[in-house]
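**Student:** Got upload-v8.txt for you, compact mmCIF, C-alpha atoms:
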# COMPACT_ATOMS: atom_id res chain seq x y z
CA MET L 1 -3.28 -28.83 2.38
CA ARG L 2 -5.04 -31.92 3.87
CA GLN L 3 -8.43 -30.22 4.09
CA ALA L 4 -8.06 -28.57 0.71
CA LEU L 5 -7.47 -31.96 -0.91
CA LEU L 6 -10.36 -33.52 1.02
CA ALA L 7 -12.66 -30.71 -0.10
CA LEU L 8 -11.67 -31.19 -3.74
CA LEU L 9 -12.20 -34.95 -3.45
CA ALA L 10 -15.61 -34.39 -1.82
CA LYS L 11 -16.61 -32.79 -5.10
CA GLU L 12 -15.32 -35.61 -7.30
CA PRO L 13 -12.63 -38.29 -7.41
CA ALA L 14 -9.39 -37.15 -8.97
CA HIS L 15 -5.77 -38.11 -9.47
CA GLY L 16 -2.86 -36.17 -8.03
CA TYR L 17 -2.14 -34.02 -11.02
CA GLU L 18 -5.79 -32.99 -11.38
CA LEU L 19 -5.76 -31.87 -7.75
CA LYS L 20 -2.69 -29.76 -8.38
CA GLN L 21 -4.36 -28.12 -11.37
CA ALA L 22 -7.58 -27.51 -9.45
CA LEU L 23 -5.71 -25.78 -6.61
CA GLU L 24 -3.91 -23.58 -9.11
CA SER L 25 -7.03 -22.53 -10.93
CA ILE L 26 -9.06 -21.89 -7.77
CA PHE L 27 -6.48 -19.83 -5.89
CA GLY L 28 -4.83 -18.25 -8.90
CA ILE L 29 -1.72 -16.16 -8.89
CA ALA L 30 -1.68 -15.65 -5.11
CA TYR L 31 -1.18 -19.34 -4.46
CA PRO L 32 2.25 -20.94 -4.47
CA SER L 33 2.16 -23.54 -7.21
CA PRO L 34 1.81 -26.75 -5.18
CA ASN L 35 4.53 -29.29 -5.47
CA ILE L 36 3.19 -32.55 -6.95
CA GLY L 37 5.37 -34.56 -4.58
CA GLN L 38 3.83 -32.80 -1.61
CA ILE L 39 0.37 -33.58 -2.93
CA TYR L 40 1.18 -37.29 -3.18
CA VAL L 41 2.71 -37.31 0.30
CA THR L 42 -0.44 -35.69 1.71
CA LEU L 43 -2.68 -38.09 -0.19
CA GLY L 44 -0.63 -40.97 1.24
CA ARG L 45 -1.22 -39.70 4.77
CA LEU L 46 -4.93 -39.20 4.15
CA GLU L 47 -5.09 -42.74 2.84
CA LYS L 48 -3.31 -44.08 5.91
CA ASP L 49 -5.83 -42.22 8.13
CA GLY L 50 -8.68 -43.83 6.21
CA TYR L 51 -9.98 -40.54 4.81
CA VAL L 52 -9.35 -41.38 1.16
CA ARG L 53 -8.97 -44.54 -0.91
CA ALA L 54 -7.24 -44.99 -4.21
CA VAL L 55 -8.15 -47.16 -7.16
CA ASP L 56 -5.90 -47.98 -10.06
CA VAL L 57 -7.39 -47.04 -13.38
CA GLU L 58 -5.93 -48.69 -16.43
CA GLN L 59 -4.84 -46.44 -19.24
CA ALA L 60 -4.03 -47.45 -22.81
CA ASN L 61 -0.29 -47.32 -23.52
CA ARG L 62 0.45 -45.70 -20.19
CA PRO L 63 1.08 -46.79 -16.61
CA ASN L 64 -2.00 -47.13 -14.43
CA LYS L 65 -3.37 -43.94 -12.94
CA LYS L 66 -4.21 -43.76 -9.24
CA VAL L 67 -7.58 -42.09 -8.75
CA TYR L 68 -8.44 -40.98 -5.22
CA TYR L 69 -11.90 -40.74 -3.71
CA ILE L 70 -13.12 -39.62 -0.30
CA THR L 71 -14.40 -42.12 2.30
CA ALA L 72 -17.25 -41.64 4.78
CA ALA L 73 -14.67 -40.99 7.50
CA GLY L 74 -13.01 -38.42 5.23
CA ARG L 75 -16.29 -36.65 4.66
CA GLU L 76 -16.91 -36.56 8.39
CA ALA L 77 -13.45 -35.11 9.05
CA LEU L 78 -14.09 -32.49 6.39
CA GLU L 79 -17.44 -31.53 7.93
CA THR L 80 -15.84 -31.17 11.36
CA TRP L 81 -13.18 -28.95 9.87
CA VAL L 82 -15.73 -26.73 8.11
CA ASP L 83 -17.96 -26.44 11.20
CA GLU L 84 -15.33 -25.57 13.81
CA PRO L 85 -14.09 -21.98 14.20
CA THR L 86 -10.67 -21.42 12.73
CA GLU L 87 -7.82 -20.35 14.99
CA GLY L 88 -6.92 -16.66 14.61
CA PRO L 89 -3.41 -15.72 13.59
CA ARG L 90 -1.04 -15.68 16.56
CA VAL L 91 1.69 -13.17 17.09
CA ARG L 92 4.81 -15.29 17.11
CA ASP L 93 6.96 -12.68 15.64
CA GLU L 94 10.63 -13.38 15.17
CA PHE L 95 11.28 -9.70 14.69
CA PHE L 96 9.70 -8.95 18.06
CA MET L 97 12.13 -11.39 19.68
CA LYS L 98 15.03 -9.52 18.11
CA LEU L 99 13.61 -6.20 19.20
CA VAL L 100 13.10 -7.17 22.82
CA LEU L 101 16.33 -9.10 23.16
CA ALA L 102 18.58 -6.77 21.17
CA PRO L 103 19.55 -4.47 24.06
CA LEU L 104 20.64 -7.49 26.12
CA THR L 105 23.07 -8.59 23.48
CA GLY L 106 24.42 -5.13 22.71
CA LEU L 107 24.42 -6.24 19.08
CA ALA L 108 21.86 -3.88 17.64
CA ASP L 109 20.14 -0.60 18.29
CA ARG L 110 16.35 -0.86 18.59
CA MET L 111 15.68 2.21 16.51
CA ALA L 112 17.83 0.84 13.69
CA LEU L 113 16.07 -2.54 13.89
CA VAL L 114 12.62 -0.96 13.65
CA ASN L 115 13.67 1.26 10.77
CA ARG L 116 15.12 -1.60 8.77
CA GLN L 117 12.04 -3.72 9.41
CA ARG L 118 9.73 -0.92 8.31
CA ARG L 119 11.53 -0.55 5.02
CA HIS L 120 11.40 -4.30 4.55
CA TYR L 121 7.64 -4.45 5.21
CA LEU L 122 7.09 -1.59 2.80
CA SER L 123 9.02 -3.41 0.13
CA LEU L 124 6.87 -6.50 0.74
CA MET L 125 3.81 -4.28 0.46
CA ARG L 126 5.03 -2.93 -2.84
CA ASP L 127 5.54 -6.47 -4.05
CA LEU L 128 1.98 -7.39 -3.04
CA GLY L 129 0.70 -4.30 -4.83
CA GLU L 130 2.43 -5.41 -8.00
CA LEU L 131 1.09 -8.94 -7.53
CA ALA L 132 -2.44 -7.55 -7.16
CA GLU L 133 -2.03 -5.59 -10.36
CA ALA L 134 -0.77 -8.66 -12.17
CA ALA L 135 -3.71 -10.69 -10.85
CA GLU L 136 -6.13 -7.98 -11.92
CA ARG L 137 -4.60 -7.93 -15.38
CA THR L 138 -4.19 -11.62 -16.07
CA ASP L 139 -7.03 -13.24 -14.14
CA PRO L 140 -9.58 -10.57 -13.18
CA ALA L 141 -12.39 -13.09 -12.73
CA ASN L 142 -10.53 -14.85 -9.93
CA ARG L 143 -11.82 -13.01 -6.87
CA ALA L 144 -10.29 -15.58 -4.51
CA SER L 145 -6.82 -14.66 -5.67
CA LEU L 146 -7.42 -10.93 -5.22
CA LEU L 147 -8.99 -11.41 -1.80
CA LEU L 148 -6.00 -13.42 -0.65
CA ILE L 149 -3.65 -10.67 -1.72
CA GLU L 150 -5.82 -8.07 -0.02
CA GLY L 151 -5.78 -10.17 3.15
CA ALA L 152 -2.01 -10.35 3.05
CA MET L 153 -1.89 -6.55 2.63
CA LEU L 154 -4.14 -6.00 5.63
CA HIS L 155 -1.94 -8.24 7.77
CA LEU L 156 1.12 -6.32 6.63
CA GLN L 157 -0.57 -3.03 7.48
CA ALA L 158 -1.25 -4.38 10.98
CA ASP L 159 2.40 -5.40 11.28
CA LEU L 160 3.47 -1.89 10.32
CA ASP L 161 1.06 -0.31 12.80
CA TRP L 162 2.41 -2.59 15.50
CA LEU L 163 5.96 -1.66 14.54
CA GLU L 164 5.05 1.98 15.03
CA ARG L 165 3.69 1.17 18.49
CA CYS L 166 6.89 -0.70 19.34
CA GLN L 167 8.96 2.28 18.24
CA GLU L 168 6.88 4.67 20.34
CA GLU L 169 7.05 2.49 23.45
CA LEU L 170 10.58 1.19 23.30
CA GLN L 171 12.48 4.25 22.13
CA MET H 1 16.45 18.91 -15.47
CA SER H 2 18.31 21.13 -13.03
CA ASP H 3 19.85 19.61 -9.95
CA THR H 4 18.35 22.20 -7.63
CA PRO H 5 16.26 20.25 -5.13
CA VAL H 6 12.52 20.84 -5.38
CA VAL H 7 12.32 21.01 -1.59
CA ARG H 8 15.03 21.75 0.93
CA VAL H 9 14.22 22.41 4.56
CA VAL H 10 16.90 23.22 7.10
CA ASN H 11 16.52 22.81 10.84
CA LEU H 12 12.81 23.41 10.60
CA VAL H 13 10.98 23.92 13.88
CA LYS H 14 7.32 24.42 14.72
CA ILE H 15 6.18 25.21 18.22
CA TYR H 16 2.48 25.63 18.88
CA GLN H 17 1.51 27.86 21.72
CA THR H 18 -2.15 27.69 22.48
CA GLY H 19 -2.67 29.17 25.92
CA GLY H 20 -0.41 27.30 28.31
CA LEU H 21 2.84 25.54 27.61
CA PRO H 22 4.52 25.68 24.20
CA VAL H 23 4.19 22.36 22.41
CA PRO H 24 6.93 21.48 19.93
CA ALA H 25 5.42 19.71 16.91
CA VAL H 26 8.46 19.68 14.61
CA ARG H 27 11.88 19.76 16.22
CA GLY H 28 14.68 20.50 13.84
CA VAL H 29 13.95 18.69 10.57
CA ASP H 30 16.35 18.63 7.64
CA LEU H 31 14.91 17.24 4.45
CA THR H 32 15.84 17.46 0.78
CA VAL H 33 13.62 16.22 -2.05
CA GLU H 34 15.07 16.04 -5.54
CA ALA H 35 13.09 16.58 -8.72
CA GLY H 36 11.10 13.49 -9.65
CA GLU H 37 11.33 11.88 -6.23
CA PHE H 38 8.34 10.35 -4.47
CA VAL H 39 8.79 10.64 -0.70
CA ALA H 40 6.37 9.13 1.82
CA ILE H 41 6.30 10.57 5.32
CA THR H 42 5.08 8.21 8.02
CA GLY H 43 4.89 8.22 11.78
CA PRO H 44 2.40 7.90 14.63
CA SER H 45 -0.27 10.54 15.06
CA GLY H 46 1.19 13.57 16.76
CA SER H 47 4.64 12.94 15.31
CA GLY H 48 4.53 16.19 13.31
CA LYS H 49 4.14 14.79 9.82
CA SER H 50 1.10 16.86 8.82
CA THR H 51 2.62 20.00 10.33
CA LEU H 52 5.77 19.38 8.29
CA VAL H 53 4.02 19.19 4.91
CA HIS H 54 1.74 22.07 5.80
CA MET H 55 4.83 24.21 6.44
CA ILE H 56 6.41 23.07 3.17
CA GLY H 57 3.24 24.20 1.39
CA GLY H 58 3.06 27.49 3.28
CA LEU H 59 -0.21 26.59 4.96
CA ASP H 60 1.35 26.85 8.39
CA THR H 61 4.14 29.20 9.45
CA ARG H 62 7.44 27.90 10.74
CA SER H 63 8.77 28.90 14.15
CA SER H 64 12.36 28.77 12.95
CA GLY H 65 14.46 27.23 10.22
CA GLU H 66 14.46 27.60 6.46
CA ILE H 67 12.27 26.36 3.60
CA TRP H 68 13.63 26.47 0.05
CA LEU H 69 11.47 25.55 -2.92
CA GLU H 70 13.13 25.22 -6.33
CA GLY H 71 16.16 27.02 -4.93
CA ARG H 72 14.15 29.99 -3.69
CA ARG H 73 13.78 30.90 -0.04
CA ALA H 74 10.10 30.49 0.79
CA ASP H 75 9.73 30.71 4.56
CA THR H 76 10.21 34.48 4.48
CA LEU H 77 7.42 35.02 1.94
CA SER H 78 4.30 36.98 2.82
CA GLU H 79 0.95 35.27 2.71
CA SER H 80 0.29 36.62 -0.77
CA GLY H 81 3.77 35.56 -1.87
CA TRP H 82 2.94 32.03 -0.73
CA ALA H 83 -0.39 32.18 -2.55
CA VAL H 84 1.38 32.95 -5.82
CA LEU H 85 3.97 30.23 -5.22
CA ARG H 86 1.28 27.66 -4.47
CA ARG H 87 -0.72 28.61 -7.53
CA GLU H 88 2.29 28.28 -9.79
CA GLN H 89 4.21 25.39 -8.30
CA ILE H 90 2.35 23.35 -5.70
CA GLY H 91 -0.63 21.03 -5.80
CA PHE H 92 -2.09 20.14 -2.43
CA VAL H 93 -4.42 17.29 -1.49
CA PHE H 94 -5.88 17.28 1.99
CA GLN H 95 -7.64 14.58 3.90
CA PHE H 96 -10.72 16.81 3.77
CA PHE H 97 -11.06 17.90 0.26
CA ASN H 98 -12.12 21.58 0.32
CA LEU H 99 -13.87 21.63 -3.06
CA VAL H 100 -15.76 24.76 -4.11
CA GLY H 101 -19.38 23.86 -3.42
CA ASN H 102 -21.13 26.03 -6.01
CA MET H 103 -18.95 24.95 -8.94
CA THR H 104 -19.20 21.73 -10.92
CA VAL H 105 -16.60 19.02 -10.56
CA ALA H 106 -15.20 19.97 -13.98
CA ASP H 107 -14.83 23.63 -12.98
CA ASN H 108 -13.23 22.72 -9.68
CA VAL H 109 -10.57 20.73 -11.52
CA GLU H 110 -10.02 23.28 -14.29
CA LEU H 111 -9.81 26.28 -11.99
CA PRO H 112 -6.18 25.94 -10.86
CA ALA H 113 -4.98 25.42 -14.42
CA LEU H 114 -6.89 28.50 -15.59
CA LEU H 115 -5.55 30.55 -12.67
CA GLY H 116 -2.09 29.31 -13.55
CA GLY H 117 -2.49 30.72 -17.05
CA ALA H 118 -3.39 27.62 -19.08
CA SER H 119 -5.64 28.05 -22.11
CA PRO H 120 -9.26 26.94 -21.62
CA ARG H 121 -8.70 24.15 -24.12
CA HIS H 122 -5.61 22.88 -22.36
CA ALA H 123 -7.34 23.07 -18.98
CA ARG H 124 -10.29 21.10 -20.33
CA GLU H 125 -8.11 18.38 -21.88
CA ARG H 126 -6.13 18.02 -18.68
CA ARG H 127 -9.34 17.81 -16.65
CA GLU H 128 -10.80 15.18 -18.98
CA TYR H 129 -7.63 13.12 -18.72
CA LEU H 130 -7.47 13.29 -14.92
CA LEU H 131 -11.14 12.59 -14.28
CA GLY H 132 -10.96 9.71 -16.76
CA GLU H 133 -7.98 8.19 -14.95
CA LEU H 134 -9.85 8.41 -11.67
CA GLY H 135 -13.05 6.86 -13.01
CA LEU H 136 -14.98 10.12 -12.67
CA ALA H 137 -15.53 11.13 -16.31
CA ASP H 138 -19.30 10.86 -15.93
CA ARG H 139 -19.34 13.05 -12.80
CA ALA H 140 -17.89 16.13 -14.50
CA ASP H 141 -21.15 18.12 -14.43
CA ALA H 142 -22.14 17.15 -10.89
CA ALA H 143 -21.85 19.44 -7.90
CA PRO H 144 -19.41 18.31 -5.19
CA ALA H 145 -22.27 17.79 -2.72
CA GLN H 146 -23.76 15.15 -5.04
CA LEU H 147 -20.57 13.05 -4.78
CA SER H 148 -19.60 10.47 -2.19
CA GLY H 149 -16.66 11.20 0.08
CA GLY H 150 -14.45 8.93 -1.97
CA GLU H 151 -15.42 10.67 -5.20
CA GLN H 152 -14.76 14.09 -3.70
CA GLN H 153 -11.36 12.91 -2.54
CA ARG H 154 -10.46 11.83 -6.06
CA VAL H 155 -11.69 15.14 -7.48
CA ALA H 156 -9.40 16.91 -5.01
CA LEU H 157 -6.48 14.87 -6.34
CA ALA H 158 -7.40 15.71 -9.92
CA ARG H 159 -7.57 19.39 -8.97
CA ALA H 160 -4.15 19.25 -7.31
CA LEU H 161 -2.66 17.75 -10.47
CA ALA H 162 -4.51 19.99 -12.93
CA ASN H 163 -1.75 22.53 -13.08
CA GLN H 164 1.03 19.96 -13.49
CA PRO H 165 2.65 21.43 -10.37
CA ARG H 166 6.38 21.09 -9.74
CA LEU H 167 5.49 19.63 -6.36
CA LEU H 168 2.51 17.57 -5.23
CA LEU H 169 1.93 17.64 -1.48
CA ALA H 170 -0.64 15.31 0.01
CA ASP H 171 -1.86 14.69 3.53
CA GLU H 172 -3.54 11.29 3.89
CA PRO H 173 -4.92 11.35 0.33
CA THR H 174 -6.61 7.97 0.73
CA GLY H 175 -7.89 8.58 4.24
CA ASN H 176 -11.54 8.42 3.19
CA LEU H 177 -11.36 5.86 0.41
CA ASP H 178 -12.42 2.24 0.24
CA SER H 179 -9.97 -0.19 -1.29
CA ARG H 180 -11.23 0.07 -4.86
CA ASN H 181 -11.03 3.88 -4.86
CA THR H 182 -7.65 3.67 -3.19
CA ARG H 183 -6.47 1.53 -6.10
CA ASP H 184 -7.53 4.21 -8.60
CA VAL H 185 -5.67 6.86 -6.63
CA LEU H 186 -2.58 4.67 -6.32
CA ARG H 187 -2.59 3.96 -10.02
CA LEU H 188 -2.75 7.66 -10.86
CA LEU H 189 -0.04 8.56 -8.35
CA GLY H 190 2.19 5.86 -9.82
CA ARG H 191 1.54 7.07 -13.33
CA VAL H 192 2.23 10.77 -12.69
CA HIS H 193 5.30 9.82 -10.68
CA ARG H 194 6.65 7.81 -13.63
CA GLN H 195 6.03 10.89 -15.76
CA GLY H 196 8.37 12.81 -13.45
CA GLN H 197 6.00 14.27 -10.86
CA THR H 198 7.70 15.11 -7.55
CA ILE H 199 5.52 13.93 -4.67
CA VAL H 200 5.73 14.41 -0.91
CA LEU H 201 2.96 12.59 0.83
CA VAL H 202 1.93 11.94 4.42
CA THR H 203 0.22 8.62 4.92
CA HIS H 204 -0.70 5.91 7.35
CA ASP H 205 -1.64 3.61 4.52
CA ALA H 206 1.25 1.28 3.74
CA ARG H 207 -0.12 0.62 0.25
CA VAL H 208 0.39 4.30 -0.50
CA ALA H 209 3.74 4.56 1.26
CA SER H 210 5.05 1.48 -0.54
CA MET H 211 4.76 3.26 -3.89
CA ALA H 212 7.31 5.86 -2.83
CA ASP H 213 11.01 5.77 -3.67
CA ARG H 214 11.89 6.82 -0.18
CA VAL H 215 10.31 6.73 3.25
CA VAL H 216 10.88 9.34 5.94
CA SER H 217 9.77 8.33 9.43
CA LEU H 218 9.00 10.89 12.07
CA LEU H 219 8.79 10.36 15.79
CA ASP H 220 8.15 13.20 18.24
CA GLY H 221 8.81 15.83 15.62
CA GLN H 222 12.15 14.45 14.51
CA ILE H 223 13.26 12.32 11.59
CA VAL H 224 14.28 8.89 12.85
CA ASP H 225 14.70 7.25 9.45
CA ASP H 226 15.15 8.46 5.90
CA GLY H 227 16.00 6.04 3.14
CA ALA H 228 15.03 4.12 0.04
CA ILE H 229 12.49 1.31 0.14
CA PRO H 230 14.48 -1.69 -1.07
CA ARG H 231 13.37 -3.95 -3.91
CA VAL H 232 12.43 -7.48 -2.98
CA ARG H 233 11.99 -10.36 -5.32
CA ARG H 234 10.08 -13.05 -3.58
CA ARG H 235 9.01 -14.81 -6.70
CA PRO H 236 10.31 -15.24 -10.21
CA ALA H 237 8.87 -12.64 -12.55
CA GLY H 238 5.53 -13.85 -13.89
CA GLY H 239 5.55 -16.85 -11.56
CA ALA H 240 3.06 -17.73 -8.89
CA GLY H 241 2.99 -15.78 -5.69
CA ASP H 242 3.42 -17.00 -2.18
CA VAL H 243 0.77 -15.00 -0.45
CA VAL H 244 -0.70 -18.00 1.32
CA GLU H 245 0.82 -21.09 2.69
CA LEU H 246 -1.36 -24.11 3.15
CA ARG H 247 0.00 -26.32 5.87
CA SER H 248 0.36 -29.95 5.07
Output the file's structure as structure tokens, nothing else.

**Tutor:**
Amino acid sequence: MRQALLALLAKEPAHGYELKQALESIFGIAYPSPNIGQIYVTLGRLEKDGYVRAVDVEQANRPNKKVYYITAAGREALETWVDEPTEGPRVRDEFFMKLVLAPLTGLADRMALVNRQRRHYLSLMRDLGELAEAAERTDPANRASLLLIEGAMLHLQADLDWLERCQEELQ
Amino acid sequence: MSDTPVVRVVNLVKIYQTGGLPVPAVRGVDLTVEAGEFVAITGPSGSGKSTLVHMIGGLDTRSSGEIWLEGRRADTLSESGWAVLRREQIGFVFQFFNLVGNMTVADNVELPALLGGASPRHARERREYLLGELGLADRADAAPAQLSGGEQQRVALARALANQPRLLLADEPTGNLDSRNTRDVLRLLGRVHRQGQTIVLVTHDARVASMADRVVSLLDGQIVDDGAIPRVRRRPAGGAGDVVELRS
């Protein structure tokens, strides 16, 4: 979330609630509605690191509003982030731990574990399919949202393919 | 609707013998598919899933075991008996689409309905509906060779559904499609399934499999899992998703 907020502030100064709204409209239905508290916590950390500053803006009949803007150091951190290659996803699969360790414990049969996991992944895939349809219906112009969902589907497909390999090898 | 299963196979076995050693492809499969069910068959390549649906559709002979379709014994039928059964009751979609090259797309789709005894008007309306659903209305007068692979695949699906068969069998029906064309095919499969179409489908594509009511997993020619795909609710209806997590 740090870099996302920095990127939004690089475009223009904003207060916390505006940042929340911007994230929602950019990422659409695929994005978990960000918690406003989490946004303020992150802004606080960015401020402490010297990447953003806040100014109080007076408002008629309302408490002052804190508007955040990016600093030179913040812009530099953002550029570094954009320029460096992003770490690929790592396989740190909790299910795999269960699968490998299950025979040691005598608690579960590997075949049964794989089968249950497959059904679970397929139900997640169905859920993503329904989400994609909802995104297509309600916000068809938001390609970012659809691409995110498609990315999640491709990852899930890879997980299922891997599951099949596990079942072949470990049976 | 009767409660006779659309498909029932009992201890089905297929052994290929090409030259040397006999190779078992399907080793004692029992499977029942009720009317209106959508069953996805998955498994690694070589697990026997294509052989299984080919036998259910009479495109490959069984070595032993029984195949019952709509309560009628089918594995003992002659080749011509199978041909009649397929024409009347089964739609089949292959990974490679087998369209008739010297007929238009429209004629390819209407043909099974006409052979099945539908009136020309009914066959035409059904064809218009199916091609429309698959985004191919404007390709009706084209020859198959003028179509892309993805378009031909969708025409093959339309053809398989033209006759409103009791049973739709499909072997990797999205194998050649990009993701947009896959979406059209998925949408149509979902729609005909909701209208009561019984579907048995072999697929590697989890998007396709996830639309089924039930998933059957094969490994080395045997069923290792057969059960419903559970419902998950990861998000409140109409709420935002949680496809991505941004780390703080």

**Student:** Could you list the residues in chain L lying within 7 Å of chain H, using all atoms listed in the file, and format the result as a PyMOL selection string?

**Tutor:** chain L and resi 1-2+29-33+42+115+119-120+122-126+148-149+152+157+164

**Student:** With a distance cut-off of 12 Å and only C-alpha atoms, select the neighbouring residues of Arg75 of chain L, excluding the residue or stretch itself and same-chain residues fewer than 3 positions from it, and output the selection as a list of chain:residue names.

**Tutor:**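 Within the cut-off, the hits are L:Gln3, L:Leu5, L:Leu6, L:Ala7, L:Leu8, L:Leu9, L:Ala10, L:Lys11, L:Leu46, L:Gly50, L:Tyr51, L:Val52, L:Tyr69, L:Ile70, L:Thr71, L:Ala72, L:Leu78, L:Glu79, L:Thr80, L:Trp81, L:Val82.
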
**Student:** Which residue out of H:Glu66, H:Glu88, H:Glu133, H:Asp60 has the minimum interatomic distance to Ala118 of chain H when all atoms listed in the file are used?

**Tutor:**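 Counting all atoms listed in the file, the residue closest to Ala118 of chain H is H:Glu88.
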
**Student:** For Gly175 of chain H, which residue out of H:Val9, H:Leu21, H:Ala145, H:Val93 is the nearest one, using all atoms listed in the file?

**Tutor:**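 Selected residue with least distance to Gly175 of chain H: H:Val93.
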
**Student:** Kindly give the distance, in Å, that separates atom CA of Gly81 of chain H and atom CA of Leu69 of chain H, rounded to a single decimal.

**Tutor:** 12.7 Å

**Student:** Go through L:Leu128, L:Leu113, L:Leu19, L:Ala134 and flag the residue nearest Gly37 of chain L, using only C-alpha atoms for the distances.

**Tutor:**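 Going through L:Leu128, L:Leu113, L:Leu19, L:Ala134 one by one, the smallest distance to Gly37 of chain L is for L:Leu19.
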
**Student:** Report the distance between atom CA of Val26 of chain H and atom CA of Gln153 of chain H in Å, rounded to one decimal place.

**Tutor:** 27.1 Å

**Student:** As a list in words, please: the residues near Leu115 of chain H (cut-off 10 Å, only C-alpha atoms, same-chain neighbours under 4 positions excluded).

**Tutor:**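 These residues fall inside the cut-off: Arg87, Glu88, Glu110, Leu111, Ser119, Ala123 and Asn163 of chain H.
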
**Student:** What does the distance between atom CA of Val100 of chain H and atom CA of Leu168 of chain H come to in Å, to one decimal place?

**Tutor:**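 Separation between atom CA of Val100 of chain H and atom CA of Leu168 of chain H: 19.7 Å.
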
**Student:** Of the residues H:Gly46, H:Gly71, H:Pro173, H:Gly116, which is the one nearest to Val202 of chain H, using only C-alpha atoms?

**Tutor:** H:Pro173

**Student:** Atoms are missing here; could segment 218-223 of chain H be completed with all heavy atoms and written as an mmCIF file, in the coordinates of the input?

**Tutor:**
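Listing of selection-v7.cif after writing:
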data_model
loop_
_atom_site.group_PDB
_atom_site.id
_atom_site.type_symbol
_atom_site.label_atom_id
_atom_site.label_comp_id
_atom_site.auth_asym_id
_atom_site.auth_seq_id
_atom_site.Cartn_x
_atom_site.Cartn_y
_atom_site.Cartn_z
ATOM 1 N N LEU H 218 8.913 9.893 11.010
ATOM 2 C CA LEU H 218 9.000 10.890 12.070
ATOM 3 C C LEU H 218 8.565 10.272 13.392
ATOM 4 O O LEU H 218 7.684 9.410 13.430
ATOM 5 C CB LEU H 218 8.059 12.066 11.768
ATOM 6 C CG LEU H 218 8.444 13.049 10.669
ATOM 7 C CD1 LEU H 218 7.389 14.137 10.571
ATOM 8 C CD2 LEU H 218 9.803 13.668 10.928
ATOM 9 N N LEU H 219 9.198 10.747 14.449
ATOM 10 C CA LEU H 219 8.790 10.360 15.790
ATOM 11 C C LEU H 219 9.036 11.583 16.664
ATOM 12 O O LEU H 219 10.141 12.126 16.654
ATOM 13 C CB LEU H 219 9.630 9.161 16.253
ATOM 14 C CG LEU H 219 9.173 8.424 17.494
ATOM 15 C CD1 LEU H 219 7.792 7.821 17.307
ATOM 16 C CD2 LEU H 219 10.178 7.324 17.842
ATOM 17 N N ASP H 220 8.003 12.014 17.377
ATOM 18 C CA ASP H 220 8.150 13.200 18.240
ATOM 19 C C ASP H 220 8.782 14.388 17.529
ATOM 20 O O ASP H 220 9.658 15.063 18.075
ATOM 21 C CB ASP H 220 9.004 12.856 19.471
ATOM 22 C CG ASP H 220 8.252 11.961 20.439
ATOM 23 O OD1 ASP H 220 7.006 11.931 20.359
ATOM 24 O OD2 ASP H 220 8.909 11.289 21.244
ATOM 25 N N GLY H 221 8.351 14.630 16.317
ATOM 26 C CA GLY H 221 8.810 15.830 15.620
ATOM 27 C C GLY H 221 10.204 15.760 15.034
ATOM 28 O O GLY H 221 10.720 16.765 14.541
ATOM 29 N N GLN H 222 10.811 14.580 15.085
ATOM 30 C CA GLN H 222 12.150 14.450 14.510
ATOM 31 C C GLN H 222 12.192 13.284 13.517
ATOM 32 O O GLN H 222 11.455 12.312 13.673
ATOM 33 C CB GLN H 222 13.175 14.195 15.607
ATOM 34 C CG GLN H 222 13.363 15.404 16.509
ATOM 35 C CD GLN H 222 14.378 15.145 17.595
ATOM 36 O OE1 GLN H 222 14.267 14.164 18.325
ATOM 37 N NE2 GLN H 222 15.354 16.021 17.715
ATOM 38 N N ILE H 223 13.088 13.410 12.546
ATOM 39 C CA ILE H 223 13.260 12.320 11.590
ATOM 40 C C ILE H 223 14.084 11.214 12.248
ATOM 41 O O ILE H 223 15.187 11.471 12.717
ATOM 42 C CB ILE H 223 13.936 12.822 10.302
ATOM 43 C CG1 ILE H 223 12.985 13.762 9.549
ATOM 44 C CG2 ILE H 223 14.327 11.642 9.411
ATOM 45 C CD1 ILE H 223 13.545 14.313 8.253
#
